[in-house]
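J.: Got a structure for you, questions after.
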Amino acid sequence: MREETVSSMYSRLFKLPRFSWIMALGLSFSALASALVFSVFSPSSAGPLYQLTFFGDFLSGLIAFFGAFIISSGLSDRIFKRRKSKIMNLRRTLGVSLFSLAFTCAVFLIGWILYFVFSIPLLVDFFIFALAAGFTVRLLVDLVIAGGHFLISIGDSISQPLLESILFLGWFGMLWFLRFLLLVLAVAGVFAAFTIVYVKIVGSQLKEFTGVDGRAFFSSFLSEWSAGVGEELERIIDKNSSEKDLRISAFSFRGNKGKMKAALIVPSIHPGPFKGIGSSDLPGYLMRRLEKDFSCPAICAHGPSTHGENLVRSRQCEDIYKKTLETLGQCRTYRDSSTVQRASEAGISVACQIFGGSALLVSSSSPSLPTDDISFDVGENAIAAAKKFVKEAFFVDSHSCIDPSSEYVWPGSRISKLLVKLSQGAAEKASRLDRLPFKVGIAKIRSTGISKVEGMGEEGVSALVVQVADKRNIYLFFDSNNLIFGLRRILTEELVRIGFDEVEVLTSDTHSTSALTPGKMGYNPLGLSTPHDKIVSTAISVASLAVKNLDDASVCIGSQVAKGVRIAGEENMQNILKGVRNSLKVAKKLAPVSFGLATVLSAILVFLFSL
């Protein structure tokens, strides 16, 4: 299971409608509940103590249910404020109350149908279970998402069913109501016990793999998800993290007057896992800082790395930036370059351009063999193979062709062996060519009209054009988490059509765009939800701008090893994924058993003490 799969699961949480819609739906469900209840329990049909008009029956029910919806939400909001919850606010407590009301309506509707269609008189029993269903929904949310203490959570969750049941006090009198209320509380107690056990068992699955209680994990996750507060989740990831030496490479292109014209950074540090956690926004962070300090466009490519090389904490991005500055300050200058040479086989391609004695290797895949992340060790092996023909080499994973079946590229796999072979072959081809003076053009378009939800990061699309003699090649960069398979081919064909000899399409693999919306793949690779012609037209625009500022150039190239970088670690990330996966499996299997038993025991209780 990939991290994006887990992101897909969580991206469905708390996707609530607007406040006005919540209120409208709350009023609608209250009206439905009132119509169901008064049609069978109203004074005119149930031997009441006093008479009400038809409209009065409905109105009193509407007030009771909608009032319970509003009041319980307000009480819950105050409780969460006192608990200093970073997740729950009034809109979300209203959302929880709405779900509770919807479940109450659904359960009682079953009893209503049984009564009118099959003449089975279990209306009071089903209303008790309807209230218990609403209570259980609130309690699950409170325990799992908000991470509340058991007693506080039970007290908060019972408020809405209790307020809804007050309707019966006016209809049937105090004595009947007290007996009814005791039965409601007894049934709620049974469901509370089973719910607490259920949550503990499900949470223990995650604890087994990570040492962190499941409720604490989900609560910390949602603190970041809903409120952008990720310190607690980062602390959990850090608990089982490790250290690793990782490579940071930098290309500083300068114009004929020596001023920096463009910067290309290749950190072998993975952006992830999602949103604002760890190094999710590392590419954007580096680009923004470099452009501010050097007043030129900056591009961040995807170095070989997987989610095991995620930074543990977002504040580490600043440490990586400082190391990037060191790298830029200790580089070698070249004024000549080869043209791009390419080696391809079985859907995998490696392009090589040699600046002076340094080879830039860019790997890519085709729709016939889409790939996900290339591991750090595979990149190192490819570099070692290329260095048989050059002094030094730098490996870039274009990360630009993915489909739902794509997998990571690990050492020993067929694709990894191809990449090593092709890196050596492309370097050998390029090493035979003369080195000639070159020109560089750079352009960036941030305002693309494509949102983060669609997969485009804040840094938009960039084009780095390198011209050697009469050969013009382009490195087209998208600040996105991959491209949907097939889009790279379309972009390549269009750019060749307008005059480029070689085209490489790359993404930053930013995870700041991940898990913002539900998707088939857990996130939106660029092109999945955006018309391709819109992306192509943007690419042509930025490519044309880059060509317009072509200028004689030199390049300063450097590489540093960042020692002891604190990373999530492959085993740690896999343990988290296994824990989440097992928790979900157990949750699905245990739910029918747990709540089925609660229903059976409650039914016996209701039968023994039937009103």
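By convention in this document, the chains of the structure tokens carry letters A, B, ... by their order, each chain's residues are numbered from 1, and ligands are numbered from 1 in the order they are shown.
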At a cut-off of 9 Å, using only C-alpha atoms, what residues contact stretch 197-207 of chain A? Leave out same-chain residues fewer than 6 positions from it and give the result as a short mmCIF file (atom, residue, chain, number, x, y, z; two decimals) with N, CA, C and O atoms, in the first residue's frame.
T.:
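Full text of selection_27.cif as output:
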data_model
loop_
_atom_site.label_atom_id
_atom_site.label_comp_id
_atom_site.auth_asym_id
_atom_site.auth_seq_id
_atom_site.Cartn_x
_atom_site.Cartn_y
_atom_site.Cartn_z
N LEU A 140 -18.39 7.74 18.33
CA LEU A 140 -17.28 7.31 17.48
C LEU A 140 -16.46 8.50 17.00
O LEU A 140 -15.22 8.47 17.02
N LEU A 143 -14.49 9.98 20.00
CA LEU A 143 -13.37 9.16 20.46
C LEU A 143 -12.24 9.05 19.44
O LEU A 143 -11.07 9.16 19.78
N VAL A 144 -12.60 8.83 18.18
CA VAL A 144 -11.59 8.55 17.16
C VAL A 144 -11.00 9.84 16.59
O VAL A 144 -9.78 9.99 16.50
N ASP A 213 -0.72 4.94 20.17
CA ASP A 213 -2.14 4.61 20.24
C ASP A 213 -2.87 5.12 19.01
O ASP A 213 -2.62 6.23 18.53
N GLY A 214 -3.76 4.29 18.48
CA GLY A 214 -4.47 4.65 17.25
C GLY A 214 -5.25 5.94 17.36
O GLY A 214 -5.25 6.76 16.45
N ARG A 215 -5.92 6.15 18.51
CA ARG A 215 -6.69 7.38 18.67
C ARG A 215 -5.79 8.60 18.63
O ARG A 215 -6.13 9.62 18.04
N ALA A 216 -4.62 8.49 19.27
CA ALA A 216 -3.67 9.61 19.27
C ALA A 216 -3.18 9.90 17.86
O ALA A 216 -3.03 11.06 17.46
N PHE A 217 -2.95 8.83 17.08
CA PHE A 217 -2.47 9.01 15.71
C PHE A 217 -3.52 9.71 14.86
O PHE A 217 -3.24 10.70 14.17
N ASN A 575 5.68 0.68 8.48
CA ASN A 575 4.98 0.28 9.70
C ASN A 575 3.73 1.11 9.92
O ASN A 575 2.69 0.60 10.34
N ILE A 576 3.84 2.41 9.65
CA ILE A 576 2.67 3.27 9.78
C ILE A 576 1.59 2.83 8.79
O ILE A 576 0.40 2.72 9.13
N LEU A 577 2.02 2.54 7.56
CA LEU A 577 1.06 2.11 6.55
C LEU A 577 0.42 0.77 6.92
O LEU A 577 -0.79 0.58 6.78
N LYS A 578 1.25 -0.15 7.41
CA LYS A 578 0.71 -1.45 7.82
C LYS A 578 -0.26 -1.28 8.98
O LYS A 578 -1.31 -1.94 9.03
N GLY A 579 0.11 -0.40 9.93
CA GLY A 579 -0.77 -0.17 11.06
C GLY A 579 -2.11 0.41 10.65
O GLY A 579 -3.17 -0.03 11.12
N VAL A 580 -2.08 1.39 9.75
CA VAL A 580 -3.32 1.98 9.26
C VAL A 580 -4.13 0.96 8.49
O VAL A 580 -5.35 0.83 8.67
N ARG A 581 -3.44 0.20 7.64
CA ARG A 581 -4.14 -0.82 6.83
C ARG A 581 -4.80 -1.87 7.72
O ARG A 581 -5.96 -2.22 7.54
N ASN A 582 -4.04 -2.36 8.71
CA ASN A 582 -4.60 -3.36 9.61
C ASN A 582 -5.73 -2.80 10.46
O ASN A 582 -6.72 -3.49 10.73
N SER A 583 -5.59 -1.54 10.88
CA SER A 583 -6.66 -0.91 11.66
C SER A 583 -7.94 -0.85 10.85
O SER A 583 -9.04 -1.14 11.37
N LEU A 584 -7.82 -0.49 9.58
CA LEU A 584 -9.00 -0.39 8.73
C LEU A 584 -9.62 -1.77 8.48
O LEU A 584 -10.84 -1.92 8.46
N LYS A 585 -8.77 -2.78 8.29
CA LYS A 585 -9.28 -4.13 8.08
C LYS A 585 -10.03 -4.63 9.31
O LYS A 585 -11.14 -5.18 9.20
N VAL A 586 -9.41 -4.42 10.48
CA VAL A 586 -10.05 -4.86 11.72
C VAL A 586 -11.34 -4.08 11.95
O VAL A 586 -12.35 -4.63 12.39
N ALA A 587 -11.30 -2.79 11.64
CA ALA A 587 -12.49 -1.95 11.83
C ALA A 587 -13.65 -2.47 11.00
O ALA A 587 -14.80 -2.55 11.47
N LEU A 590 -14.67 -6.05 12.46
CA LEU A 590 -15.18 -6.04 13.82
C LEU A 590 -16.50 -5.30 13.96
O LEU A 590 -17.29 -5.59 14.86
N ALA A 591 -16.74 -4.32 13.08
CA ALA A 591 -17.95 -3.48 13.21
C ALA A 591 -19.23 -4.31 13.24
O ALA A 591 -20.06 -4.13 14.14
N SER A 594 -19.25 -6.32 16.62
CA SER A 594 -19.36 -5.49 17.82
C SER A 594 -20.74 -4.84 17.93
O SER A 594 -21.43 -4.99 18.96
N PHE A 595 -21.16 -4.16 16.89
CA PHE A 595 -22.43 -3.45 16.96
C PHE A 595 -23.62 -4.38 16.78
O PHE A 595 -24.73 -4.07 17.22
#
J.: Run DSSP on the backbone and give me the residues of stretch 418-598 of chain A it puts in alpha helix (DSSP H), as number ranges by chain.
T.: A: 418-431, 487-497, 532-548, 570-598
J.: Write out as a ChimeraX atom specification which residues come within 8 Å of stretch 165-169 of chain A when counting only C-alpha atoms, dropping same-chain ones fewer than 5 positions away.
T.: /A:60-61,64,174,176-177,181
J.: Store the residues of this selection in a file with C-alpha atoms, as a PDB file, in the first residue's frame.
T.:
ATOM      1  CA  SER A  60     -43.382  20.671  18.200  1.00  0.00           C
ATOM      2  CA  GLY A  61     -41.439  17.785  16.678  1.00  0.00           C
ATOM      3  CA  ALA A  64     -37.491  19.418  19.325  1.00  0.00           C
ATOM      4  CA  MET A 174     -43.501  12.484  33.365  1.00  0.00           C
ATOM      5  CA  TRP A 176     -43.869   7.343  31.099  1.00  0.00           C
ATOM      6  CA  PHE A 177     -41.047   9.669  30.051  1.00  0.00           C
ATOM      7  CA  LEU A 181     -35.478   7.807  29.463  1.00  0.00           C
TER       8      LEU A 181
END
J.: Using only C-alpha atoms, which of A:Lys322, A:Lys444, A:His532, A:Arg432 sits nearest A:Gly486?
T.: A:His532
J.: Of the candidates A:Asp377, A:Val409, A:Thr371, A:Ala430, which shows the shortest atom-to-atom distance to A:Gln341, using only C-alpha atoms?
T.: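 Comparing A:Asp377, A:Val409, A:Thr371, A:Ala430 against A:Gln341, the winner is A:Ala430.
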J.: Give the answer as one residue: which of A:Ser280, A:Lys417, A:Leu464, A:Ile484 has the shortest atom-to-atom distance to A:Pro367, using only C-alpha atoms?
T.: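 Smallest distance to A:Pro367 is found for A:Ile484.
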J.: Restricting the calculation to only C-alpha atoms: of A:Ser366, A:Ser349, A:Thr136, A:Ser375, which residue gets closest to A:Ala598?
T.: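 Of A:Ser366, A:Ser349, A:Thr136, A:Ser375, the one nearest A:Ala598, counting only C-alpha atoms, is A:Thr136.
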J.: Please extract the residues of stretch 375-545 of chain A with a backbone DSSP assignment of strand (DSSP E) and present them as a PyMOL selection string.
T.: chain A and resi 392-397+438-445+456-468+471-480+502-507
J.: Please report the interatomic distance between atom CA of A:Leu483 and atom CA of A:Gly276 in Å with one decimal.
T.: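 Those two atoms sit 21.0 Å apart.
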J.: Which one is closest to A:Val266: A:Val440, A:Val561, A:Ala382, A:Ile402? Count only C-alpha atoms.
T.: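 Of the candidates, the smallest distance to A:Val266 is held by A:Val561.
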J.: Which value, in Å to one decimal, gives the distance between atom CA of A:Gln574 and atom CA of A:Glu208?
T.: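 For atom CA of A:Gln574 relative to atom CA of A:Glu208, the distance reads 12.9 Å.
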J.: Which polymer residues have any atom within 7 Å of an atom of stretch 245-260 of chain A, counting only C-alpha atoms, with same-chain residues fewer than 6 positions away left out, as number ranges by chain?
T.: A: 266-269, 296, 324, 327-328, 551-565
J.: Would you export the selected residues with all heavy atoms as a compact mmCIF listing (two decimals), in the first residue's frame, please?
T.:
# COMPACT_ATOMS: atom_id res chain seq x y z
N VAL A 266 18.63 19.69 -7.16
CA VAL A 266 18.23 18.28 -7.20
C VAL A 266 18.53 17.65 -5.84
O VAL A 266 19.61 17.08 -5.63
CB VAL A 266 18.95 17.51 -8.32
CG1 VAL A 266 18.36 16.10 -8.45
CG2 VAL A 266 18.88 18.24 -9.64
N PRO A 267 17.62 17.74 -4.88
CA PRO A 267 17.84 17.08 -3.59
C PRO A 267 17.35 15.63 -3.63
O PRO A 267 16.26 15.36 -4.12
CB PRO A 267 17.00 17.91 -2.62
CG PRO A 267 15.89 18.47 -3.46
CD PRO A 267 16.40 18.57 -4.88
N SER A 268 18.18 14.71 -3.15
CA SER A 268 17.72 13.32 -3.04
C SER A 268 16.99 13.15 -1.71
O SER A 268 17.33 12.30 -0.88
CB SER A 268 18.91 12.36 -3.15
OG SER A 268 19.41 12.37 -4.47
N ILE A 269 16.01 13.99 -1.53
CA ILE A 269 15.16 14.00 -0.34
C ILE A 269 13.74 14.02 -0.84
O ILE A 269 13.37 14.86 -1.66
CB ILE A 269 15.44 15.24 0.53
CG1 ILE A 269 16.90 15.23 1.00
CG2 ILE A 269 14.48 15.29 1.72
CD1 ILE A 269 17.35 16.53 1.60
N CYS A 296 16.31 35.31 -9.27
CA CYS A 296 16.24 34.62 -10.55
C CYS A 296 15.33 33.41 -10.39
O CYS A 296 15.12 32.93 -9.27
CB CYS A 296 17.63 34.19 -11.02
SG CYS A 296 18.35 32.85 -10.05
N THR A 324 21.90 23.72 0.66
CA THR A 324 21.84 24.08 -0.76
C THR A 324 22.71 25.29 -1.05
O THR A 324 23.42 25.34 -2.07
CB THR A 324 20.38 24.36 -1.17
OG1 THR A 324 19.59 23.19 -0.93
CG2 THR A 324 20.30 24.73 -2.64
N THR A 327 26.20 24.25 -1.20
CA THR A 327 26.46 23.56 -2.47
C THR A 327 26.68 24.56 -3.59
O THR A 327 27.60 24.39 -4.41
CB THR A 327 25.29 22.63 -2.81
OG1 THR A 327 25.04 21.75 -1.72
CG2 THR A 327 25.58 21.81 -4.05
N LEU A 328 25.86 25.59 -3.64
CA LEU A 328 26.01 26.61 -4.68
C LEU A 328 27.33 27.37 -4.53
O LEU A 328 27.89 27.86 -5.51
CB LEU A 328 24.84 27.59 -4.61
CG LEU A 328 23.50 27.06 -5.13
CD1 LEU A 328 22.37 28.01 -4.75
CD2 LEU A 328 23.54 26.86 -6.63
N ASP A 551 20.41 33.25 -23.91
CA ASP A 551 21.59 34.09 -23.77
C ASP A 551 22.81 33.18 -23.59
O ASP A 551 22.70 32.07 -23.03
CB ASP A 551 21.42 34.99 -22.54
CG ASP A 551 22.53 36.03 -22.43
OD1 ASP A 551 23.23 36.26 -23.43
OD2 ASP A 551 22.68 36.61 -21.33
N ASP A 552 23.98 33.62 -24.07
CA ASP A 552 25.20 32.86 -23.82
C ASP A 552 25.34 32.64 -22.33
O ASP A 552 25.08 33.55 -21.52
CB ASP A 552 26.42 33.62 -24.34
CG ASP A 552 26.43 33.72 -25.86
OD1 ASP A 552 25.83 32.84 -26.51
OD2 ASP A 552 27.01 34.68 -26.39
N ALA A 553 25.74 31.44 -21.95
CA ALA A 553 25.71 31.12 -20.52
C ALA A 553 26.86 30.20 -20.13
O ALA A 553 27.54 29.60 -20.96
CB ALA A 553 24.39 30.45 -20.18
N SER A 554 27.05 30.12 -18.83
CA SER A 554 27.94 29.13 -18.21
C SER A 554 27.13 28.46 -17.10
O SER A 554 26.05 28.93 -16.73
CB SER A 554 29.19 29.80 -17.63
OG SER A 554 28.82 30.74 -16.62
N VAL A 555 27.67 27.38 -16.59
CA VAL A 555 26.96 26.70 -15.51
C VAL A 555 27.94 26.34 -14.41
O VAL A 555 29.07 25.91 -14.66
CB VAL A 555 26.23 25.43 -16.02
CG1 VAL A 555 27.20 24.41 -16.58
CG2 VAL A 555 25.39 24.82 -14.92
N CYS A 556 27.51 26.55 -13.19
CA CYS A 556 28.30 26.22 -12.01
C CYS A 556 27.61 25.03 -11.33
O CYS A 556 26.44 25.13 -10.95
CB CYS A 556 28.37 27.42 -11.07
SG CYS A 556 29.52 27.23 -9.70
N ILE A 557 28.33 23.90 -11.22
CA ILE A 557 27.71 22.66 -10.76
C ILE A 557 28.39 22.17 -9.48
O ILE A 557 29.62 22.17 -9.39
CB ILE A 557 27.79 21.57 -11.84
CG1 ILE A 557 27.15 22.05 -13.14
CG2 ILE A 557 27.12 20.28 -11.36
CD1 ILE A 557 27.31 21.07 -14.29
N GLY A 558 27.58 21.79 -8.52
CA GLY A 558 28.14 21.29 -7.27
C GLY A 558 27.27 20.22 -6.65
O GLY A 558 26.09 20.08 -6.97
N SER A 559 27.86 19.47 -5.74
CA SER A 559 27.12 18.43 -5.03
C SER A 559 27.68 18.30 -3.62
O SER A 559 28.89 18.34 -3.42
CB SER A 559 27.24 17.10 -5.77
OG SER A 559 26.49 16.11 -5.13
N GLN A 560 26.78 18.19 -2.67
CA GLN A 560 27.17 18.03 -1.26
C GLN A 560 26.40 16.85 -0.68
O GLN A 560 25.27 16.56 -1.10
CB GLN A 560 26.81 19.29 -0.47
CG GLN A 560 27.61 20.53 -0.86
CD GLN A 560 28.86 20.71 -0.02
OE1 GLN A 560 28.89 20.28 1.13
NE2 GLN A 560 29.87 21.31 -0.59
N VAL A 561 26.99 16.23 0.31
CA VAL A 561 26.28 15.20 1.06
C VAL A 561 25.87 15.78 2.41
O VAL A 561 26.71 16.24 3.18
CB VAL A 561 27.15 13.94 1.27
CG1 VAL A 561 26.44 12.95 2.18
CG2 VAL A 561 27.47 13.30 -0.07
N ALA A 562 24.57 15.83 2.62
CA ALA A 562 24.06 16.30 3.91
C ALA A 562 24.14 15.12 4.88
O ALA A 562 23.50 14.10 4.69
CB ALA A 562 22.62 16.78 3.76
N LYS A 563 24.95 15.30 5.92
CA LYS A 563 25.21 14.22 6.86
C LYS A 563 24.09 14.11 7.91
O LYS A 563 23.63 15.11 8.44
CB LYS A 563 26.55 14.44 7.58
CG LYS A 563 27.76 14.47 6.66
CD LYS A 563 28.12 13.06 6.21
CE LYS A 563 29.43 13.06 5.43
NZ LYS A 563 29.81 11.69 4.99
N GLY A 564 23.72 12.87 8.21
CA GLY A 564 22.82 12.60 9.32
C GLY A 564 21.47 13.30 9.23
O GLY A 564 20.97 13.82 10.23
N VAL A 565 20.88 13.32 8.04
CA VAL A 565 19.56 13.94 7.87
C VAL A 565 18.52 13.06 8.56
O VAL A 565 18.47 11.84 8.34
CB VAL A 565 19.21 14.11 6.39
CG1 VAL A 565 17.81 14.71 6.24
CG2 VAL A 565 20.24 14.99 5.70
J.: Name the closest residue to A:Val496 among the candidates A:Thr93, A:Thr513, A:Ser431, A:Asn473; distances are taken between atoms, counting only C-alpha atoms.
T.: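 Between A:Thr93, A:Thr513, A:Ser431, A:Asn473, the residue approaching A:Val496 most closely is A:Asn473.
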J.: So which residues touch A:Lys429 within 10 Å, counting only C-alpha atoms, skipping near sequence neighbours fewer than 5 positions away, as a list of chain:residue names?
T.: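 Final neighbour list, sorted by chain and number: A:Val340, A:Gln341, A:Arg342, A:Ala343, A:Cys352, A:Gln353, A:Phe389, A:Gln424.
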J.: At a cut-off of 10 Å, using only C-alpha atoms, what residues contact A:Leu163? Leave out same-chain residues fewer than 2 positions from it and give the result as a short mmCIF file (atom, residue, chain, number, x, y, z; two decimals) with N, CA, C and O atoms, in the first residue's frame.
T.:
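After the write, out-v4.cif holds the following:
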data_model
loop_
_atom_site.label_atom_id
_atom_site.label_comp_id
_atom_site.auth_asym_id
_atom_site.auth_seq_id
_atom_site.Cartn_x
_atom_site.Cartn_y
_atom_site.Cartn_z
N ALA A 64 -38.26 20.33 18.47
CA ALA A 64 -37.49 19.42 19.32
C ALA A 64 -36.24 18.90 18.61
O ALA A 64 -35.13 18.94 19.16
N PHE A 65 -36.40 18.43 17.38
CA PHE A 65 -35.26 17.86 16.67
C PHE A 65 -34.26 18.92 16.22
O PHE A 65 -33.05 18.75 16.38
N PHE A 66 -34.76 20.01 15.67
CA PHE A 66 -33.84 21.06 15.22
C PHE A 66 -33.20 21.76 16.42
O PHE A 66 -32.02 22.11 16.38
N GLY A 67 -33.97 21.93 17.48
CA GLY A 67 -33.41 22.52 18.69
C GLY A 67 -32.31 21.65 19.27
O GLY A 67 -31.26 22.15 19.70
N ALA A 68 -32.55 20.33 19.29
CA ALA A 68 -31.51 19.41 19.77
C ALA A 68 -30.27 19.48 18.88
O ALA A 68 -29.13 19.44 19.37
N PHE A 69 -30.48 19.59 17.59
CA PHE A 69 -29.38 19.71 16.62
C PHE A 69 -28.52 20.94 16.92
O PHE A 69 -27.28 20.86 16.96
N ILE A 71 -28.59 23.00 19.82
CA ILE A 71 -28.11 23.11 21.20
C ILE A 71 -26.97 22.13 21.47
O ILE A 71 -25.95 22.49 22.07
N SER A 72 -27.12 20.89 21.00
CA SER A 72 -26.05 19.90 21.23
C SER A 72 -24.76 20.32 20.52
O SER A 72 -23.67 20.08 21.04
N ILE A 158 -24.24 12.07 24.37
CA ILE A 158 -25.62 11.75 24.76
C ILE A 158 -26.53 12.97 24.72
O ILE A 158 -27.76 12.84 24.77
N SER A 159 -25.94 14.16 24.60
CA SER A 159 -26.75 15.39 24.70
C SER A 159 -27.82 15.47 23.62
O SER A 159 -28.98 15.80 23.91
N GLN A 160 -27.47 15.16 22.39
CA GLN A 160 -28.45 15.29 21.31
C GLN A 160 -29.61 14.29 21.45
O GLN A 160 -30.78 14.70 21.36
N PRO A 161 -29.35 12.99 21.69
CA PRO A 161 -30.49 12.07 21.89
C PRO A 161 -31.38 12.46 23.07
O PRO A 161 -32.61 12.32 22.99
N SER A 165 -35.41 13.41 22.83
CA SER A 165 -36.44 12.62 23.51
C SER A 165 -37.36 13.46 24.38
O SER A 165 -38.42 12.98 24.80
N ILE A 166 -36.97 14.72 24.67
CA ILE A 166 -37.82 15.59 25.49
C ILE A 166 -39.20 15.77 24.87
O ILE A 166 -40.19 16.04 25.56
N LEU A 167 -39.26 15.60 23.56
CA LEU A 167 -40.54 15.70 22.85
C LEU A 167 -41.61 14.82 23.51
O LEU A 167 -42.78 15.20 23.59
#
J.: If we count only C-alpha atoms and set the cut-off at 10 Å, which residues sit around A:Gly189, ignoring sequence neighbours fewer than 2 positions away in its own chain? Please answer as JSON, numbers by chain.
T.: {"A": [132, 135, 136, 154, 158, 183, 184, 185, 186, 187, 191, 192, 193, 194, 195, 598, 602]}
J.: If you measure from atom CA of A:Phe376 to atom CA of A:Asn482, what distance in Å do you get, rounded to one decimal?
T.: 17.6 Å
J.: Write out as JSON lines the residues of stretch 523-581 of chain A that have any atom within 12 Å of an atom of stretch 502-509 of chain A, one row each with the nearest atom pair and its distance in Å to one decimal, counting only C-alpha atoms, sorted by chain and then rising number.
T.:
{"residue": "A:Tyr523", "atom": "CA", "partner": "A:Asp509", "partner_atom": "CA", "distance": 11.6}
{"residue": "A:Asn524", "atom": "CA", "partner": "A:Asp509", "partner_atom": "CA", "distance": 11.3}
{"residue": "A:Pro525", "atom": "CA", "partner": "A:Asp509", "partner_atom": "CA", "distance": 9.2}
{"residue": "A:Leu526", "atom": "CA", "partner": "A:Thr507", "partner_atom": "CA", "distance": 9.3}
{"residue": "A:Val536", "atom": "CA", "partner": "A:Val505", "partner_atom": "CA", "distance": 11.6}
{"residue": "A:Ala539", "atom": "CA", "partner": "A:Val505", "partner_atom": "CA", "distance": 10.0}
{"residue": "A:Ala543", "atom": "CA", "partner": "A:Val503", "partner_atom": "CA", "distance": 10.8}
J.: Restrict the selected residues to N, CA and C atoms and save them as a PDB file, in the first residue's frame.
T.:
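Writing done, so here's again-v9.pdb:
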ATOM      1  N   TYR A 523      -4.545  11.034  -4.708  1.00  0.00           N
ATOM      2  CA  TYR A 523      -4.131  12.418  -4.912  1.00  0.00           C
ATOM      3  C   TYR A 523      -4.358  12.720  -6.382  1.00  0.00           C
ATOM      4  N   ASN A 524      -4.091  13.928  -6.787  1.00  0.00           N
ATOM      5  CA  ASN A 524      -4.318  14.292  -8.180  1.00  0.00           C
ATOM      6  C   ASN A 524      -3.000  14.523  -8.906  1.00  0.00           C
ATOM      7  N   PRO A 525      -2.465  13.522  -9.595  1.00  0.00           N
ATOM      8  CA  PRO A 525      -1.353  13.823 -10.497  1.00  0.00           C
ATOM      9  C   PRO A 525      -1.860  14.785 -11.563  1.00  0.00           C
ATOM     10  N   LEU A 526      -1.029  15.690 -11.975  1.00  0.00           N
ATOM     11  CA  LEU A 526      -1.457  16.701 -12.936  1.00  0.00           C
ATOM     12  C   LEU A 526      -1.972  16.029 -14.210  1.00  0.00           C
ATOM     13  N   VAL A 536      -1.193  21.874 -21.970  1.00  0.00           N
ATOM     14  CA  VAL A 536      -0.328  22.001 -23.146  1.00  0.00           C
ATOM     15  C   VAL A 536      -0.154  23.466 -23.539  1.00  0.00           C
ATOM     16  N   ALA A 539       2.223  25.092 -21.226  1.00  0.00           N
ATOM     17  CA  ALA A 539       3.592  24.638 -21.498  1.00  0.00           C
ATOM     18  C   ALA A 539       4.173  25.354 -22.710  1.00  0.00           C
ATOM     19  N   ALA A 543       7.431  27.830 -22.635  1.00  0.00           N
ATOM     20  CA  ALA A 543       8.554  27.479 -23.508  1.00  0.00           C
ATOM     21  C   ALA A 543       8.908  28.643 -24.430  1.00  0.00           C
TER      22      ALA A 543
END
